[in-house]
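See below for the structure under consideration.
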Amino acid sequence: MKTVAVVGTQWGDEGKGKIVDMLAADADVVVRFQGGNNAAHTLVVGGKKFVLRLVPAGALHPGKACVIGNGLVVNPIALLGEIAELKRSGHLADDSLFKISYDAHMVMPYHLAIDRAREARAGKRAIGTTGFGIGPAYEDKMARVGLRFEDLLDFKFFEEKLRRNIVEKNAYLKALLKTKPIKADETIDAMKKARRRLLPYLCDTGAFVSDAIDSGKRVLFEGAHGTMLDIDHGTYPYVTSSSCVASSVFSGTGIGPGNLEAVLGISKGYTTRVGAGPFPSEFSGYLADSLREEGDEFGSATGRPRRIGWFDAVLARYTARVNGMWALALTKLDVLTGIDPVKICVGYVVKGKRYDDMPPSHRMLINAKPIFEEMPGWSESPAGARMLAELPSSVRRYVERISELVGVPIAMIGVGKEREATIVVRNPFAD
Ligand code: IMP
């Protein structure tokens with residue numbers, strides 16, 4: 001197959017970065033299609049840790065085209081910082097291989113200010129956002145007042161639009177959110193400087209990706225966050241403000257559905273969540289704390305400790321459906337070493353009624369009691385395994401049971417942080 005999308009099937013942080021980085025070795029073009037720098041893909045290459053927030057993970061392979069699609073909201077200053085950092089470590093050397101869609105929206109300082117002030121005022125109702133202005137930026141996109149990269153072509157036009165927005169947002173910030181206004185001149189100066197560095201990257205990325213597909217190149221679409229954070233299909237309102245499912249590949253890049261051949265879902269061998277919202281398979285206590293430490297389960301974007309839960313097969317089956325999943329990659333199985341038994345959530349009880357599939361309303365998840373199936377754990381770490389046959393037998397049984405419950409094959413199994421610590425059962429680009 002030549003066109004593959006990678007999507008998260010939980011609440012983000014499934015280990016997509018590592019899988020995308022691995023698949024990028026076989027791709028010609030890697031494309032982000034939604035979200036912003038609220039995403040953070042952590043990769044360990046040659047013992048060095050990289051955290052990519054906006055730049056596609058293909059950037060760590062020389063010679064790959066990296067594309068920021070129209071579906072993103074991009075903080076231009078954060079993006080330039082990330083590019084500079086990558087360049088310092090010898091990556092992204094060829095500027096002609098990095099493309100930003102003219103139609104992608106920009107996150108402005110007032111978006112961050114609004115996001116943070118709203119969260120601070122929300123008290124118990126806070127969503128636990130990353131505070132990076134993502135929701136307010138998508139609001140402006142839908143309200144048709146957002147600033148797009150194409151606006152930078154004519155700086156006078158850009159400045160007028162930005163000043164108009166700042167007047168309106170400052171009124172809102174001061175009167176309703178009781179917080180400090182944004183300094184217009186400072187913002188405009190920063191954007192004037194950023195513009196010079198951004199213009200060379202601007203591109204009709206829809207045409208670029210489409211031409212790549214037509215000429216037989218391999219294209220990898222890199223999803224961010226996870227299906228349960230999707231604005232439509234996630235645990236609303238405790239979600240992010242973009243569409244994180246595979247169908248947003250099309251609206252977020254400008255290609256049609258017939259152009260996508262496979263969707264690979266990524267899931268950890270257990271579940272985590274940052275921020276507020278329902279999480280039926282969650283548990284706490286000593287085991288959760290040690291799993292958090294062992295798995296380094298602290299938000300890559302914000303450093304917040306992640307909530308911990310068992311693998312949830314109900315949720316995974318639902319996300320397999322929503323994404324039309326071809327196969328699943330299971331990550332971080334090494335982290336579960338030493339835990340006995342391991343548990344899988346196979347159903348919920350809500351107000352006395354049993355649900356084997358996702359209840360019709362996500363709000364019902366707030367009161368859902370998990371039904372667990374227990375399986376023998378493993379004391380021998382699978383970290384050194386590079387083939388299925390090298391996995392301890394109880395890990396293999398666990399993986400097979402998950403595949404059976406979710407109803408999709410397992411394509412990859414992650415057993416450690418490093419690039420090479422992955423067992424590839426099926427590589428979509430080789431299928
Ligand atoms: P926002 O995307 O910053 O608006 O945050 C909304 C919710 O999505 C919060 O619960 C965040 O913690 C969560 N979230 C956003 N991006 C990610 C991610 O990449 N991984 C995990 N959680 C995320």
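Each chain in the structure tokens gets a letter, A, B and so on, in the order shown; residues start at 1 in every chain, and ligands are counted from 1 in the order they appear.
Residues within 9 Å of segment 417-423 of chain A, counting only C-alpha atoms and excluding same-chain residues fewer than 4 positions away, are Lys18, Ile19, Asp21, Met22, Leu43, Val44, Val45, Gly46, Gly47, Thr331, Lys332, Ala383, Gly384, Ala385, Arg386, Met387, Leu388, Ala411, Met412 and Ile413 of chain A.
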Expected answer as a ChimeraX atom specification: residues within 9 Å of ligand 1, only C-alpha atoms and all ligand atoms: /A:10-14,35-41,53,115,127-136,224-226,229-230,237-242,272-277,299-302,304,306
Would you save the residues of that selection, restricted to N, CA and C atoms, as a compact mmCIF listing (two decimals), in the first residue's frame?
```txt
# COMPACT_ATOMS: atom_id res chain seq x y z
N GLN A 10 -6.93 6.04 21.55
CA GLN A 10 -7.33 6.25 22.95
C GLN A 10 -7.47 7.76 23.19
N TRP A 11 -6.88 8.26 24.28
CA TRP A 11 -6.96 9.71 24.54
C TRP A 11 -5.62 10.38 24.24
N GLY A 12 -4.98 9.98 23.18
CA GLY A 12 -3.69 10.55 22.84
C GLY A 12 -2.57 9.84 23.58
N ASP A 13 -1.32 10.20 23.24
CA ASP A 13 -0.13 9.65 23.90
C ASP A 13 -0.02 8.13 23.75
N GLU A 14 -0.48 7.61 22.64
CA GLU A 14 -0.45 6.15 22.44
C GLU A 14 0.90 5.65 21.96
N GLY A 35 -4.97 19.36 14.35
CA GLY A 35 -4.39 19.69 15.65
C GLY A 35 -3.38 20.82 15.57
N GLY A 36 -2.60 20.93 16.63
CA GLY A 36 -1.61 22.01 16.69
C GLY A 36 -0.48 21.57 17.60
N ASN A 37 0.11 22.53 18.32
CA ASN A 37 1.22 22.13 19.19
C ASN A 37 0.74 21.64 20.55
N ASN A 38 -0.58 21.38 20.65
CA ASN A 38 -1.08 20.62 21.81
C ASN A 38 -0.64 19.16 21.70
N ALA A 39 -0.29 18.75 20.49
CA ALA A 39 0.23 17.39 20.29
C ALA A 39 1.71 17.39 20.64
N ALA A 40 2.21 16.26 21.04
CA ALA A 40 3.65 16.16 21.29
C ALA A 40 4.04 14.72 21.03
N HIS A 41 4.82 14.52 20.01
CA HIS A 41 5.27 13.17 19.69
C HIS A 41 6.70 12.99 20.18
N ARG A 53 6.18 18.76 18.05
CA ARG A 53 4.81 19.22 18.34
C ARG A 53 4.05 19.55 17.07
N ASP A 115 -7.80 30.85 26.11
CA ASP A 115 -7.79 29.45 26.56
C ASP A 115 -7.47 29.39 28.06
N ILE A 127 -11.62 21.82 31.45
CA ILE A 127 -11.39 20.66 30.58
C ILE A 127 -9.99 20.10 30.82
N GLY A 128 -9.11 20.97 31.33
CA GLY A 128 -7.71 20.56 31.48
C GLY A 128 -7.00 20.67 30.16
N THR A 129 -7.23 21.75 29.43
CA THR A 129 -6.59 21.92 28.12
C THR A 129 -5.08 22.08 28.29
N THR A 130 -4.38 22.02 27.19
CA THR A 130 -2.93 22.21 27.25
C THR A 130 -2.60 23.70 27.44
N GLY A 131 -3.58 24.56 27.22
CA GLY A 131 -3.35 26.00 27.37
C GLY A 131 -2.65 26.63 26.17
N PHE A 132 -2.61 25.91 25.07
CA PHE A 132 -1.90 26.42 23.89
C PHE A 132 -2.81 27.13 22.89
N GLY A 133 -4.03 27.44 23.30
CA GLY A 133 -4.91 28.27 22.46
C GLY A 133 -5.61 27.53 21.33
N ILE A 134 -5.62 26.21 21.41
CA ILE A 134 -6.12 25.41 20.29
C ILE A 134 -7.63 25.61 20.06
N GLY A 135 -8.40 25.50 21.15
CA GLY A 135 -9.86 25.65 21.02
C GLY A 135 -10.23 27.02 20.45
N PRO A 136 -9.74 28.12 21.07
CA PRO A 136 -10.07 29.45 20.54
C PRO A 136 -9.61 29.64 19.08
N ALA A 224 -2.76 13.22 15.14
CA ALA A 224 -2.34 13.68 16.47
C ALA A 224 -3.49 13.44 17.45
N HIS A 225 -3.17 13.45 18.74
CA HIS A 225 -4.16 13.20 19.81
C HIS A 225 -4.73 11.78 19.67
N GLY A 226 -6.02 11.62 19.90
CA GLY A 226 -6.59 10.27 19.82
C GLY A 226 -8.08 10.36 19.54
N LEU A 229 -10.48 11.88 21.88
CA LEU A 229 -10.39 13.35 22.04
C LEU A 229 -10.99 14.05 20.84
N ASP A 230 -11.56 13.30 19.90
CA ASP A 230 -12.13 13.88 18.69
C ASP A 230 -13.35 14.75 19.04
N PRO A 237 -17.72 17.17 26.47
CA PRO A 237 -16.85 18.26 26.00
C PRO A 237 -15.38 18.09 26.38
N TYR A 238 -15.03 16.93 26.97
CA TYR A 238 -13.63 16.74 27.39
C TYR A 238 -12.83 16.20 26.21
N VAL A 239 -12.70 17.02 25.22
CA VAL A 239 -12.05 16.65 23.96
C VAL A 239 -11.19 17.82 23.49
N THR A 240 -10.47 17.60 22.42
CA THR A 240 -9.77 18.72 21.81
C THR A 240 -10.70 19.31 20.73
N SER A 241 -10.26 20.36 20.06
CA SER A 241 -11.20 21.05 19.16
C SER A 241 -11.02 20.68 17.70
N SER A 242 -10.27 19.61 17.43
CA SER A 242 -10.14 19.20 16.03
C SER A 242 -10.71 17.80 15.85
N THR A 272 -4.02 5.69 29.00
CA THR A 272 -3.75 6.87 29.82
C THR A 272 -4.62 8.03 29.32
N ARG A 273 -4.73 9.01 30.16
CA ARG A 273 -5.46 10.22 29.78
C ARG A 273 -4.88 11.39 30.56
N VAL A 274 -4.72 12.54 29.90
CA VAL A 274 -4.40 13.77 30.65
C VAL A 274 -5.59 14.70 30.53
N GLY A 275 -5.80 15.50 31.53
CA GLY A 275 -6.96 16.38 31.50
C GLY A 275 -8.16 15.66 32.09
N ALA A 276 -9.27 16.41 32.17
CA ALA A 276 -10.46 15.89 32.83
C ALA A 276 -11.30 15.05 31.86
N GLY A 277 -12.33 14.40 32.41
CA GLY A 277 -13.27 13.65 31.57
C GLY A 277 -13.34 12.19 31.95
N GLY A 299 2.69 14.18 30.67
CA GLY A 299 2.38 14.84 29.39
C GLY A 299 3.62 15.42 28.71
N SER A 300 3.83 15.08 27.43
CA SER A 300 5.01 15.63 26.73
C SER A 300 4.81 17.10 26.44
N ALA A 301 3.55 17.55 26.31
CA ALA A 301 3.32 18.95 26.00
C ALA A 301 3.31 19.80 27.26
N THR A 302 2.84 19.24 28.38
CA THR A 302 2.64 20.07 29.57
C THR A 302 3.33 19.53 30.82
N ARG A 304 2.22 17.28 32.73
CA ARG A 304 1.24 16.84 33.73
C ARG A 304 1.28 15.31 33.88
N ARG A 306 -0.03 11.70 33.81
CA ARG A 306 -1.19 11.13 33.11
C ARG A 306 -1.97 10.21 34.03
```
Alpha helix (DSSP H) residues, from DSSP on the backbone, in segment 377-415 of chain A, as a ChimeraX atom specification: /A:393-406
Shell around segment 106-109 of chain A at 7 Å using only C-alpha atoms, local window under 4 positions removed, as number ranges by chain: A: 73-76, 113, 133, 137, 147-149
Nearest to Ala184 of chain A, chosen from A:Ala117, A:Thr319, A:Leu79, A:Asn170, with only C-alpha atoms counted in the distances: A:Asn170
Residue contacts of Leu23 of chain A (10 Å, only C-alpha atoms) excluding same-chain residues fewer than 3 positions away, as a PyMOL selection string: chain A and resi 4+6+17-20+26-27+30+57-58+219-220+427-429
Let me see the file: selected residues, all heavy atoms, as a short mmCIF file (atom, residue, chain, number, x, y, z; two decimals), in the first residue's frame.
```cif
data_model
loop_
_atom_site.label_atom_id
_atom_site.label_comp_id
_atom_site.auth_asym_id
_atom_site.auth_seq_id
_atom_site.Cartn_x
_atom_site.Cartn_y
_atom_site.Cartn_z
N VAL A 4 -1.01 5.65 3.79
CA VAL A 4 -1.34 5.08 5.09
C VAL A 4 -1.56 6.21 6.09
O VAL A 4 -0.77 7.16 6.12
CB VAL A 4 -0.17 4.19 5.59
CG1 VAL A 4 -0.45 3.64 6.97
CG2 VAL A 4 0.12 3.06 4.60
N VAL A 6 -1.97 7.10 10.20
CA VAL A 6 -1.76 6.60 11.56
C VAL A 6 -2.60 7.46 12.49
O VAL A 6 -2.50 8.69 12.47
CB VAL A 6 -0.26 6.71 11.92
CG1 VAL A 6 -0.04 6.52 13.41
CG2 VAL A 6 0.55 5.68 11.14
N GLY A 17 4.14 8.71 17.74
CA GLY A 17 5.37 9.31 17.22
C GLY A 17 6.38 8.25 16.81
O GLY A 17 6.94 8.30 15.72
N LYS A 18 6.54 7.25 17.67
CA LYS A 18 7.52 6.22 17.39
C LYS A 18 7.13 5.39 16.16
O LYS A 18 7.96 5.08 15.31
CB LYS A 18 7.64 5.30 18.62
CG LYS A 18 8.80 4.36 18.51
CD LYS A 18 8.83 3.41 19.67
CE LYS A 18 8.94 2.01 19.10
NZ LYS A 18 9.09 0.98 20.09
N ILE A 19 5.85 5.08 16.05
CA ILE A 19 5.38 4.28 14.92
C ILE A 19 5.48 5.10 13.63
O ILE A 19 5.92 4.61 12.59
CB ILE A 19 3.93 3.77 15.16
CG1 ILE A 19 3.85 2.95 16.45
CG2 ILE A 19 3.42 2.99 13.95
CD1 ILE A 19 4.52 1.60 16.45
N VAL A 20 5.12 6.37 13.71
CA VAL A 20 5.20 7.24 12.52
C VAL A 20 6.66 7.37 12.10
O VAL A 20 7.00 7.26 10.92
CB VAL A 20 4.59 8.64 12.80
CG1 VAL A 20 4.89 9.60 11.67
CG2 VAL A 20 3.09 8.54 13.00
N ASP A 26 9.98 4.35 5.33
CA ASP A 26 9.52 3.78 4.06
C ASP A 26 8.69 4.77 3.23
O ASP A 26 8.23 4.44 2.15
CB ASP A 26 8.63 2.55 4.33
CG ASP A 26 9.44 1.41 4.93
OD1 ASP A 26 10.59 1.24 4.52
OD2 ASP A 26 8.90 0.72 5.81
N ALA A 27 8.42 5.95 3.80
CA ALA A 27 7.55 6.91 3.09
C ALA A 27 8.39 7.96 2.35
O ALA A 27 9.57 8.15 2.65
CB ALA A 27 6.65 7.61 4.10
N VAL A 30 5.53 12.83 4.54
CA VAL A 30 4.81 12.66 5.81
C VAL A 30 3.99 13.93 6.05
O VAL A 30 4.51 15.04 5.99
CB VAL A 30 5.78 12.40 6.99
CG1 VAL A 30 4.99 12.09 8.26
CG2 VAL A 30 6.74 11.26 6.67
N ALA A 57 6.82 13.75 12.06
CA ALA A 57 7.93 12.91 12.54
C ALA A 57 8.87 12.48 11.42
O ALA A 57 9.97 12.01 11.69
CB ALA A 57 7.38 11.70 13.29
N GLY A 58 8.47 12.66 10.16
CA GLY A 58 9.36 12.35 9.04
C GLY A 58 10.62 13.19 9.07
O GLY A 58 11.63 12.84 8.45
N VAL A 219 2.88 7.95 0.85
CA VAL A 219 2.52 9.08 1.69
C VAL A 219 1.98 8.57 3.03
O VAL A 219 1.09 7.71 3.07
CB VAL A 219 1.47 9.98 0.99
CG1 VAL A 219 1.14 11.19 1.85
CG2 VAL A 219 1.97 10.42 -0.39
N LEU A 220 2.53 9.12 4.08
CA LEU A 220 2.12 8.75 5.44
C LEU A 220 1.41 9.95 6.07
O LEU A 220 1.94 11.05 6.11
CB LEU A 220 3.38 8.40 6.24
CG LEU A 220 3.20 7.98 7.69
CD1 LEU A 220 2.38 6.70 7.79
CD2 LEU A 220 4.57 7.76 8.34
N ASN A 427 3.87 -4.64 7.82
CA ASN A 427 4.18 -3.24 7.51
C ASN A 427 3.23 -2.79 6.41
O ASN A 427 3.23 -3.38 5.32
CB ASN A 427 5.64 -3.12 7.05
CG ASN A 427 6.01 -1.70 6.67
OD1 ASN A 427 5.14 -0.87 6.37
ND2 ASN A 427 7.30 -1.41 6.66
N PRO A 428 2.38 -1.78 6.67
CA PRO A 428 1.39 -1.41 5.63
C PRO A 428 2.03 -1.02 4.31
O PRO A 428 1.46 -1.25 3.25
CB PRO A 428 0.66 -0.21 6.26
CG PRO A 428 1.51 0.25 7.39
CD PRO A 428 2.29 -0.93 7.85
N PHE A 429 3.23 -0.45 4.33
CA PHE A 429 3.87 -0.06 3.07
C PHE A 429 4.43 -1.27 2.32
O PHE A 429 4.77 -1.17 1.15
CB PHE A 429 5.00 0.95 3.33
CG PHE A 429 4.50 2.34 3.62
CD1 PHE A 429 4.90 3.01 4.77
CD2 PHE A 429 3.63 2.97 2.75
CE1 PHE A 429 4.45 4.30 5.04
CE2 PHE A 429 3.16 4.26 3.01
CZ PHE A 429 3.58 4.92 4.16
#
```
